[in-house]
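Quick look at entry_38.txt (compact mmCIF, C-alpha atoms (C1' of nucleotides)):
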# COMPACT_ATOMS: atom_id res chain seq x y z
CA MET A 425 46.60 11.74 38.41
CA PRO A 426 43.99 12.97 40.69
CA GLU A 427 43.13 16.14 42.42
CA LEU A 428 39.59 17.31 43.06
CA PRO A 429 38.54 17.66 39.39
CA GLU A 430 39.84 14.19 38.57
CA ALA A 431 38.06 12.79 41.63
CA GLU A 432 34.84 14.34 40.38
CA ARG A 433 35.31 12.60 37.04
CA ALA A 434 35.79 9.35 38.90
CA ARG A 435 32.56 9.98 40.81
CA GLN A 436 30.79 10.32 37.50
CA GLN A 437 32.30 7.00 36.44
CA ILE A 438 30.68 5.39 39.46
CA GLU A 439 27.35 6.87 38.41
CA ARG A 440 27.55 4.88 35.19
CA VAL A 441 27.28 1.61 37.09
CA LEU A 442 24.50 2.49 39.55
CA GLY A 443 21.75 -0.11 39.69
CA ARG A 444 23.79 -2.95 38.24
CA GLU A 445 23.88 -6.14 40.26
CA ILE A 446 27.31 -6.93 41.74
CA VAL A 447 28.12 -10.57 41.10
CA ALA A 448 31.79 -10.64 42.11
CA VAL A 449 34.35 -8.44 43.88
CA ASP A 450 38.13 -8.59 43.57
CA ASP A 451 39.43 -7.43 46.93
CA ARG A 452 42.51 -9.63 47.06
CA ASP A 453 44.93 -6.71 47.41
CA THR A 454 44.83 -6.24 51.14
CA TYR A 455 47.15 -3.25 50.97
CA VAL A 456 44.68 -1.26 48.89
CA CYS A 457 41.62 -2.80 50.52
CA ARG A 458 42.44 -1.72 54.04
CA PRO A 459 41.92 -2.72 56.76
CA HIS A 460 39.90 -5.53 55.30
CA ALA A 461 40.83 -9.16 54.98
CA SER A 462 40.55 -10.62 51.52
CA GLY A 463 36.93 -11.47 50.79
CA GLU A 464 35.48 -9.11 53.37
CA ILE A 465 34.38 -6.42 50.94
CA ALA A 466 33.18 -9.11 48.55
CA ALA A 467 31.00 -10.65 51.23
CA ALA A 468 29.44 -7.26 51.95
CA LEU A 469 28.74 -6.30 48.33
CA VAL A 470 27.98 -9.39 46.26
CA GLY A 471 24.31 -9.46 45.38
CA ARG A 472 23.89 -5.74 45.99
CA ARG A 473 23.61 -2.70 43.70
CA LEU A 474 25.19 0.72 44.06
CA ALA A 475 22.57 3.40 44.60
CA SER A 476 24.44 6.73 44.64
CA ALA A 477 27.93 8.19 44.17
CA HIS A 478 29.37 10.96 46.35
CA ARG A 479 32.55 12.98 46.72
CA ARG A 480 34.13 15.24 49.30
CA GLY A 481 37.49 16.59 48.27
CA LYS A 482 39.30 13.63 46.77
CA PHE A 483 37.38 11.04 48.78
CA LEU A 484 34.66 9.05 47.02
CA TRP A 485 31.94 6.82 48.34
CA ALA A 486 29.00 4.87 47.00
CA GLU A 487 25.92 3.85 48.92
CA THR A 488 24.15 0.60 48.14
CA GLU A 489 20.45 -0.01 47.67
CA ASP A 490 18.23 -1.00 50.60
CA ALA A 491 20.48 0.84 53.09
CA GLY A 492 23.26 -1.67 52.57
CA PRO A 493 26.95 -1.05 53.21
CA THR A 494 28.83 1.99 51.91
CA LEU A 495 31.90 1.53 49.72
CA GLY A 496 34.65 4.14 50.08
CA LEU A 497 37.24 4.76 47.35
CA HIS A 498 40.30 6.97 47.06
CA LEU A 499 42.44 7.27 43.92
CA GLY A 500 45.70 8.06 45.67
CA MET A 501 48.24 9.64 43.34
CA SER A 502 48.14 7.20 40.45
CA GLY A 503 44.69 5.66 40.52
CA ARG A 504 41.77 5.92 38.12
CA LEU A 505 38.39 4.28 37.85
CA GLU A 506 37.65 2.31 34.71
CA VAL A 507 34.20 1.18 33.64
CA ASP A 508 33.65 -1.86 31.43
CA GLU A 509 37.30 -2.13 30.41
CA PRO A 510 39.08 -5.47 30.17
CA PRO A 511 41.16 -6.32 33.26
CA ALA A 512 44.57 -4.65 33.39
CA PRO A 513 47.77 -6.70 33.14
CA ARG A 514 50.04 -7.37 36.13
CA ARG A 515 47.06 -7.10 38.45
CA TRP A 516 47.19 -3.32 38.18
CA ASP A 517 43.48 -3.38 38.90
CA ARG A 518 43.82 -3.26 42.67
CA PHE A 519 40.09 -3.55 43.31
CA ALA A 520 37.15 -4.37 41.08
CA LEU A 521 33.41 -4.90 41.06
CA GLU A 522 32.00 -7.25 38.44
CA PHE A 523 28.41 -6.88 37.37
CA ALA A 524 25.78 -9.19 35.98
CA GLY A 525 26.13 -9.17 32.21
CA GLY A 526 29.94 -8.82 32.23
CA GLY A 527 30.63 -5.16 33.01
CA ARG A 528 33.05 -4.03 35.69
CA LEU A 529 34.24 -1.09 37.74
CA ALA A 530 37.98 -1.24 38.42
CA LEU A 531 40.38 0.82 40.49
CA HIS A 532 43.43 0.81 38.23
CA ASP A 533 46.39 1.94 40.30
CA ARG A 534 49.98 1.03 39.53
CA ARG A 535 51.44 2.50 42.67
CA ARG A 536 48.84 1.04 45.04
CA LEU A 537 48.29 4.36 46.74
CA GLY A 538 44.54 4.14 46.26
CA ARG A 539 42.16 2.71 48.82
CA ALA A 540 38.93 0.71 48.89
CA VAL A 541 37.17 0.42 52.24
CA LEU A 542 33.81 -0.34 53.75
CA GLU A 543 32.03 2.34 55.79
CA PRO A 544 34.62 5.09 55.18
CA ASP A 545 35.09 7.75 57.86
CA HIS A 546 35.36 11.26 56.43
CA SER A 547 34.95 13.09 59.72
CA HIS A 548 38.50 14.45 59.55
CA LEU A 549 37.85 16.30 56.27
CA GLY A 550 37.17 20.00 55.93
CA PRO A 551 34.51 21.36 53.58
CA ASP A 552 34.90 20.64 49.87
CA ALA A 553 37.16 23.19 48.19
CA GLU A 554 34.67 23.76 45.41
CA HIS A 555 31.80 24.59 47.73
CA VAL A 556 33.41 26.17 50.80
CA SER A 557 31.78 29.44 51.86
CA ARG A 558 33.73 32.67 52.08
CA ALA A 559 33.34 32.82 55.86
CA GLU A 560 34.50 29.26 56.31
CA PHE A 561 37.44 29.76 53.98
CA ARG A 562 38.58 32.82 55.91
CA ALA A 563 38.36 30.99 59.22
CA ARG A 564 40.06 27.79 58.09
CA ILE A 565 42.84 29.19 55.92
CA GLY A 566 43.41 32.56 57.54
CA ALA A 567 44.59 31.52 61.02
CA GLY A 568 47.75 29.89 62.32
CA THR A 569 51.45 30.10 61.63
CA ALA A 570 51.79 27.51 58.88
CA PRO A 571 52.68 28.71 55.38
CA VAL A 572 49.43 29.32 53.50
CA LYS A 573 50.30 26.69 50.91
CA ALA A 574 50.73 24.04 53.61
CA ARG A 575 47.30 24.92 54.94
CA LEU A 576 45.71 24.67 51.49
CA LEU A 577 47.07 21.13 51.24
CA ASP A 578 45.65 20.19 54.65
CA GLN A 579 42.58 18.10 53.80
CA GLY A 580 41.26 18.69 57.31
CA ALA A 581 41.12 22.43 56.64
CA ILE A 582 39.76 22.33 53.07
CA ALA A 583 39.23 19.08 51.19
CA GLY A 584 40.36 18.60 47.62
CA VAL A 585 43.36 20.86 47.04
CA GLY A 586 46.50 19.09 45.83
CA ASN A 587 49.97 20.32 45.06
CA LEU A 588 49.34 21.61 41.55
CA LEU A 589 46.00 23.22 42.33
CA ALA A 590 47.54 25.02 45.31
CA ASP A 591 50.35 26.49 43.19
CA GLU A 592 47.91 27.49 40.46
CA ALA A 593 45.52 29.29 42.83
CA LEU A 594 48.29 31.09 44.73
CA TRP A 595 49.84 32.28 41.49
CA GLN A 596 46.52 33.47 40.10
CA ALA A 597 45.82 35.29 43.38
CA ARG A 598 49.37 36.69 43.53
CA ILE A 599 50.07 35.41 47.04
CA SER A 600 53.37 33.90 48.12
CA PRO A 601 53.04 30.26 49.19
CA ARG A 602 55.39 31.00 52.09
CA ARG A 603 53.23 33.66 53.72
CA SER A 604 52.04 32.73 57.19
CA CYS A 605 48.27 32.18 57.29
CA ASP A 606 48.06 34.85 59.97
CA ASP A 607 49.54 37.43 57.62
CA VAL A 608 47.17 36.88 54.72
CA THR A 609 44.57 39.65 54.71
CA THR A 610 40.84 39.04 54.46
CA GLU A 611 40.83 40.61 51.03
CA GLU A 612 43.60 38.27 49.90
CA LEU A 613 41.80 35.25 51.35
CA ASP A 614 38.67 36.12 49.39
CA ARG A 615 40.75 36.50 46.25
CA LEU A 616 42.47 33.17 46.88
CA ARG A 617 39.15 31.42 47.32
CA ARG A 618 37.83 32.93 44.12
CA GLU A 619 40.91 31.89 42.13
CA LEU A 620 40.81 28.43 43.63
CA ARG A 621 37.21 27.94 42.57
CA THR A 622 37.97 29.29 39.12
CA ALA A 623 40.94 26.93 38.75
CA ILE A 624 38.76 23.98 39.77
CA ARG A 625 36.04 24.93 37.32
CA LEU A 626 38.53 25.35 34.48
CA ALA A 627 40.11 22.01 35.31
CA HIS A 628 36.68 20.36 35.14
CA ARG A 629 36.11 21.93 31.76
CA HIS A 630 39.53 21.35 30.23
CA GLY A 631 40.11 17.86 31.52
CA GLY A 632 42.40 18.15 34.51
CA VAL A 633 44.48 20.23 36.85
CA HIS A 634 47.50 19.90 34.59
CA THR A 635 45.76 22.19 32.06
CA GLY A 636 46.04 25.19 34.40
CA GLU A 637 47.87 28.20 32.99
CA PHE A 638 50.51 28.18 35.71
CA VAL A 639 50.76 24.42 36.08
CA ALA A 640 51.40 24.05 32.36
CA ALA A 641 54.37 26.45 32.68
CA ARG A 642 55.47 25.37 36.12
CA ARG A 643 58.64 23.54 35.28
CA SER A 644 59.80 25.54 32.32
CA GLY A 645 61.25 28.52 34.20
CA PRO A 646 59.76 31.96 33.58
CA CYS A 647 56.54 33.34 35.06
CA PRO A 648 53.86 33.24 32.31
CA ARG A 649 52.77 36.79 33.18
CA CYS A 650 55.99 38.72 33.81
CA GLY A 651 58.81 36.45 32.69
CA THR A 652 60.63 36.47 36.02
CA LEU A 653 62.43 33.21 36.74
CA LEU A 654 60.22 31.14 39.04
CA GLU A 655 61.39 30.28 42.52
CA ARG A 656 61.36 26.68 43.65
CA ALA A 657 61.36 25.24 47.17
CA LYS A 658 59.79 22.58 49.36
CA ILE A 659 56.79 23.97 51.22
CA GLY A 660 54.45 21.78 53.21
CA GLY A 661 56.58 18.86 52.14
CA ARG A 662 55.85 19.37 48.45
CA THR A 663 57.80 20.93 45.61
CA THR A 664 56.46 24.44 45.11
CA TYR A 665 56.94 26.96 42.32
CA TRP A 666 56.05 30.64 42.51
CA CYS A 667 56.90 34.00 41.00
CA PRO A 668 59.12 35.89 43.47
CA LEU A 669 58.21 39.24 41.89
CA GLU A 670 54.41 39.01 41.77
CA GLN A 671 53.79 36.67 44.70
CA ALA A 672 55.30 38.72 47.50
C1' DA B 904 71.70 4.79 36.73
C1' DC B 905 69.38 7.71 39.58
C1' DT B 906 66.04 10.96 41.39
C1' DC B 907 61.60 12.65 41.83
C1' DG B 908 56.53 12.84 42.21
C1' DT B 909 48.92 15.61 40.75
C1' DG B 910 48.35 11.64 47.80
C1' DT B 911 47.48 9.94 52.50
C1' DT B 912 48.52 8.35 56.98
C1' DA B 913 50.92 7.12 61.28
C1' DG B 914 54.43 8.13 64.19
C1' DC B 915 58.02 10.89 65.83
C1' DT B 916 60.44 15.50 66.86
C1' DG B 917 60.87 20.28 68.16
C1' DT C 1334 48.57 22.05 70.28
C1' DC C 1335 50.82 23.17 66.23
C1' DA C 1336 54.00 22.42 62.54
C1' DG C 1337 57.45 19.76 60.07
C1' DC C 1338 59.69 15.51 58.72
C1' DT C 1339 59.91 10.48 57.33
C1' DA C 1340 58.52 6.06 55.71
C1' DA C 1341 55.51 3.24 53.08
C1' DC C 1342 53.39 2.21 48.49
C1' DA C 1343 55.60 0.88 43.04
C1' DC C 1344 56.09 2.72 38.87
C1' DG C 1345 56.92 6.18 34.94
C1' DA C 1346 59.23 10.21 33.53
C1' DG C 1347 63.13 13.05 33.04
Just dump the structure as structure tokens.
Amino acid sequence: MPELPEAERARQQIERVLGREIVAVDDRDTYVCRPHASGEIAAALVGRRLASAHRRGKFLWAETEDAGPTLGLHLGMSGRLEVDEPPAPRRWDRFALEFAGGGRLALHDRRRLGRAVLEPDHSHLGPDAEHVSRAEFRARIGAGTAPVKARLLDQGAIAGVGNLLADEALWQARISPRRSCDDVTTEELDRLRRELRTAIRLAHRHGGVHTGEFVAARRSGPCPRCGTLLERAKIGGRTTYWCPLEQA
DNA sequence: ACTCGTGTTAGCTG
DNA sequence: TCAGCTAACACGAG
């Protein structure tokens, strides 16, 4: 279930189908394919080929050859992209491209939280969490009265940080998720950015955010470093765990 | 049986 | 303007 590292994997899945001719599109699920009427995405894409695959935060898009339309995809909380797999039962493939020769690219998403759109608008997104500069990170995370964890989750501030990644980075940086952005020092912000980037890189390498040292221990109780019982609360609308001793 | 959740957005409230 | 809350989605996990 996707955060930035999982979205990057999905982007790489799209790269596997670049250049193949699209011969059919299943866009019948008009909840996932919003705001398009059934057949609208199909009409735009049939006969075309994807030319490139991009990602910003958790948002994906693919451009088509000959400056054709752009296809936007989002995995939501339960979605994944499958390449050349047989169709899923119960119409759990909420959107699919079919290629000449029988291959397909499917958005498999049981909860229907994913999205497929034409000409996606990403203007509301902040810089990608993996590539944000130190100066930009300080400016976007270090101001305001929201709890710092809530700001990390704000895709308009920084794009790509989800609930688990936020807890992991704050724990690694030893910063309380409840601290007001205003109160986080420049030194702490730099540390947070470094730990965030490290957590993303490790997740890429190990196969997902759930492999993080803190995330793996998150529900079990004690802090993996000091053994203190973890605190739990809702912050920024999401269940949050932290070590009350180390993350002051 | 029942609650909760690796996400996003619109709409409302303070 | 900023921040927080809720509903909607539909299913698996605990």
Pick from A:Cys605, A:Ile599, A:Val470, A:Ala570: nearest to chain C, with all atoms listed in the file counted?
->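 Among the listed residues, the smallest separation from chain C belongs to A:Ala570.
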Long-range neighbours of DG910 in chain B as a list in words, 10 Å cut-off, all atoms listed in the file, 3 positions minimum in chain |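 These residues fall inside the cut-off: Met425, Pro426, Glu427, Lys482, His498, Leu499, Gly500, Met501, Ser502, Leu537, Gly538, Gly586 and Asn587 of chain A.
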Within 12 Å of range 1334-1337 of chain C: each range 595-663 of chain A residue with its shortest pair, all atoms listed in the file, as JSON lines:
{"residue": "A:Ser604", "atom": "CA", "partner": "C:DA1336", "partner_atom": "C1'", "distance": 11.8}
{"residue": "A:Lys658", "atom": "CA", "partner": "C:DG1337", "partner_atom": "C1'", "distance": 11.3}
{"residue": "A:Ile659", "atom": "CA", "partner": "C:DG1337", "partner_atom": "C1'", "distance": 9.8}
{"residue": "A:Gly660", "atom": "CA", "partner": "C:DG1337", "partner_atom": "C1'", "distance": 7.8}
{"residue": "A:Gly661", "atom": "CA", "partner": "C:DG1337", "partner_atom": "C1'", "distance": 8.0}
{"residue": "A:Arg662", "atom": "CA", "partner": "C:DG1337", "partner_atom": "C1'", "distance": 11.7}
Please, which residues of chain B lie no more than 9 Å from chain A when the count uses all atoms listed in the file, and can they be set out as a list in words?
-> DG908, DT909, DG910 and DT911 of chain B
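Using all atoms listed in the file, the shortest contact distance between chain C and any of A:Val608, A:Ile446, A:Val639, A:Ala567 is found at A:Ala567.
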Given only C-alpha atoms (C1' of nucleotides) as the counted atoms, nearest of A:Arg643, A:Arg629, A:Arg535, A:Arg515 to DC1344 in chain C = A:Arg535
Would you mind reading off the distance between CA of Phe523 in chain A and CA of Gly471 in chain A, one decimal, in Å?
->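 Separating CA of Phe523 in chain A from CA of Gly471 in chain A is a distance of 9.4 Å.
Residue nearest chain C within the list A:Arg433, A:Arg575, A:His460, A:Arg452: A:Arg575 [criterion: smallest interatomic distance, only C-alpha atoms (C1' of nucleotides)].
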Separation of CA of Arg440 in chain A from CA of Ala520 in chain A in Å |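 According to the coordinates, CA of Ala520 in chain A and CA of Arg440 in chain A are separated by 14.6 Å.
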CA of Leu442 in chain A and CA of Ala477 in chain A, how far apart in Å?
-> 8.1 Å
